[in-house]
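Engineer: One structure, as structure tokens, below. Some questions next.
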Amino acid sequence: MTDYIIIGGGIVGLSVGKALLELEPNASITILEKENDLASHQTGNNSGVIHSGIYYTPGSYKAKFAKAGSDSMKQFCSEYGLQHDICGKLIVATNENELPNLKKLYERGLKNGLNVQLLNKDEVLQKEPHVNAIKGIYVPAAGIVDYKEVSFKIAELITSQGGIIHTDSEVKAISEKSDEVVVETSHRTYKGKFLINCAGLQSDRIAKLAGYKIDMKIFPFRGEYFYLNEDKRYLVNNLIYPVPNPDFPFLGVHFTRMINGNVDVGPNAVPGFKREAYKKTSFDMKDFFEIVTYPGFWKMGLEYYKEGMEEIVRSFSKKLFVKNARQLIPEINEEDLISAPAGVRAQALKKDGSLMDDFFMVRGKNSVHVCNAPSPAATASLEIGKEIVNKIEEIRASVGV
């Protein structure tokens with residue numbers, strides 16, 4: 001029997017393993033990942049931004065963990081020689097109507113304890129000469145990294161301390177008893193004293209397998225990107241974001257210089273009819289049926305109908321996508337963008353149609369389930385790992401273990 005079973009080999013699950021071994025160096029840990037490689041989903045399919053925490057509600061998990069996680073991620077990369085760049089980012093207003101929301105965002109950044117700077121047009125253009133902006137916010141703490149590389153380093157640290165990682169191990173059944181948790185996978189059965197569910201896109205299903213009914217369901221949003229052609233990368237120095245639409249829970253099309261030199265443009269945020277919907281044609285009947293029979297799906301559709309239709313239309317029209325991107329960089333043309341791999345965001349959707357904004361964790365008898373950890377989870381992963389270890393300690397204290 002192992003001390004801890006962790007389901008999910010993304011950066012959050014790995015960070016939990018790291019945090020556990022820091023607290024209990026002699027603990028036995030088994031990590032189960034259903035894919036053939038680690039960090040195959042959200043961790044390995046994002047633009048690699050180290051977020052600062054400017055967007056998130058003061059006092060929320062996201063705000064707290066993004067700020068602390070940004071610092072710990074930079075420290076981790078420096079300690080282990082992982083390439084990263086604290087390049088800063090700009091959030092820019094392109095017209096007068098966006099200025100009130102830009103000001104609110106600046107004030108939120110200050111409330112979250114961030115060093116943010118309000119810039120006039122000339123100051124913005126000094127940092128990003130090709131951007132269309134009348135004013136902006138500069139966030140010096142933002143940066144870029146390869147989270148897959150970070151994940152592999154964490155995995156290396158775990159295995160060097162005796163931790164075991166099994167890939168190609170899809171969980172099929174869970175039995176949580178008073179003194180143990182039994183996990184059946186596609187290949188074998190594992191027994192552990194405690195279970196941590198960090199299964200991302202499958203996290204709600206894993207919680208259900210363990211016997212927990214929660215008022216949410218993971219809804220997959222496909223984030224569709226383009227790369228900026230190499231001869232046009234000079235148009236973007238670092239990270240350029242629009243002022244987010246307060247009525248839509250996504251950041252809008254932005255420009256991201258990546259650690260490998262590419263410049264990402266995107267994303268669109270469109271519904272996926274498969275949990276792992278990386279292509280427009282991705283479809284799974286079970287996943288589709290589960291989505292369309294869930295009341296929250298239709299209520300969300302009514303709430304965000306206008307914005308959602310704009311995202312879907314832009315998904316099928318490169319011309320409209322470019323028109324949107326040109327609001328930030330007017331020199332962009334259709335031929336300047338080439339298709340890039342998509343990512344899928346695991347977003348918790350409640351029955352009332354609301355999208356769960358903050359990180360969400362469920363305490364079980366001998367388990368913790370991370371049931372909502374979208375962006376900035378990669379940035380915050382090391383801090384989320386520590387928080388889960390704290391919750392394990394709380395559970396043990398409550399039952400006198």
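Residues are named by chain letter and number: chains run A, B, ... in the order of the structure tokens, numbers start at 1 in each chain, and ligands are numbered from 1 in the order shown.
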Find the spatial neighbours of Cys87 (chain A), counting only C-alpha atoms, within a cut-off of 9 Å - ignore same-chain residues fewer than 6 positions away - and output them as a ChimeraX atom specification.
Structural biologist: /A:140-144,237-239
Engineer: Suppose we keep N, CA and C atoms; can you now write the selection as a PDB file, in the first residue's frame?
Structural biologist:
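Result written to out_20.pdb:
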```pdb
ATOM      1  N   PRO A 140       4.951  44.415 -14.712  1.00  0.00           N
ATOM      2  CA  PRO A 140       6.333  43.936 -14.820  1.00  0.00           C
ATOM      3  C   PRO A 140       6.532  42.486 -14.398  1.00  0.00           C
ATOM      4  N   ALA A 141       5.670  41.962 -13.519  1.00  0.00           N
ATOM      5  CA  ALA A 141       5.890  40.632 -12.939  1.00  0.00           C
ATOM      6  C   ALA A 141       5.555  39.495 -13.898  1.00  0.00           C
ATOM      7  N   ALA A 142       4.831  39.762 -14.989  1.00  0.00           N
ATOM      8  CA  ALA A 142       4.434  38.694 -15.908  1.00  0.00           C
ATOM      9  C   ALA A 142       5.641  38.183 -16.682  1.00  0.00           C
ATOM     10  N   GLY A 143       5.574  36.921 -17.055  1.00  0.00           N
ATOM     11  CA  GLY A 143       6.698  36.342 -17.785  1.00  0.00           C
ATOM     12  C   GLY A 143       6.265  35.152 -18.615  1.00  0.00           C
ATOM     13  N   ILE A 144       7.243  34.420 -19.134  1.00  0.00           N
ATOM     14  CA  ILE A 144       6.969  33.250 -19.966  1.00  0.00           C
ATOM     15  C   ILE A 144       7.900  32.108 -19.582  1.00  0.00           C
ATOM     16  N   ASN A 237       6.942  42.619 -29.065  1.00  0.00           N
ATOM     17  CA  ASN A 237       8.131  42.441 -28.225  1.00  0.00           C
ATOM     18  C   ASN A 237       7.909  41.395 -27.141  1.00  0.00           C
ATOM     19  N   ASN A 238       6.748  41.464 -26.477  1.00  0.00           N
ATOM     20  CA  ASN A 238       6.535  40.552 -25.351  1.00  0.00           C
ATOM     21  C   ASN A 238       5.094  40.070 -25.290  1.00  0.00           C
ATOM     22  N   LEU A 239       4.301  40.579 -24.377  1.00  0.00           N
ATOM     23  CA  LEU A 239       2.924  40.125 -24.164  1.00  0.00           C
ATOM     24  C   LEU A 239       1.985  41.315 -24.274  1.00  0.00           C
TER      25      LEU A 239
END
```
Engineer: Please give the complete set of residues from region 86-322 of chain A that DSSP, run on the backbone, assigns to strand (DSSP E), formatted as a ChimeraX atom specification.
Structural biologist: /A:89-93,117-120,135-139,143-145,164-166,171-176,181-185,189-197,217-228,239-242,254-257,263-271
Engineer: With a cut-off of 10 Å, could you pull out the residues of region 118-191 of chain A touching region 375-384 of chain A and give me the nearest pair of atoms for each, distance in Å to one decimal, using only C-alpha atoms, ordered by chain and ascending number, as JSON lines?
Structural biologist:
```
{"residue": "A:Gly143", "atom": "CA", "partner": "A:Thr379", "partner_atom": "CA", "distance": 9.9}
{"residue": "A:Ile144", "atom": "CA", "partner": "A:Thr379", "partner_atom": "CA", "distance": 9.8}
{"residue": "A:Val145", "atom": "CA", "partner": "A:Thr379", "partner_atom": "CA", "distance": 9.6}
{"residue": "A:Tyr147", "atom": "CA", "partner": "A:Ala378", "partner_atom": "CA", "distance": 7.1}
{"residue": "A:Lys148", "atom": "CA", "partner": "A:Ala378", "partner_atom": "CA", "distance": 9.8}
{"residue": "A:Val150", "atom": "CA", "partner": "A:Ala378", "partner_atom": "CA", "distance": 9.7}
{"residue": "A:Ser151", "atom": "CA", "partner": "A:Ala378", "partner_atom": "CA", "distance": 9.6}
{"residue": "A:Ile154", "atom": "CA", "partner": "A:Leu382", "partner_atom": "CA", "distance": 10.0}
```
Engineer: Taking only C-alpha atoms into account, name the residue in A:Phe221, A:Phe288, A:Phe360, A:Tyr305 that is nearest to Arg345 (chain A).
Structural biologist: A:Phe221
Engineer: Work out how far apart CA of Met309 (chain A) and CA of Asn46 (chain A) are and give it in Å to one decimal.
Structural biologist: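 Between CA of Met309 (chain A) and CA of Asn46 (chain A) the gap is 23.3 Å.
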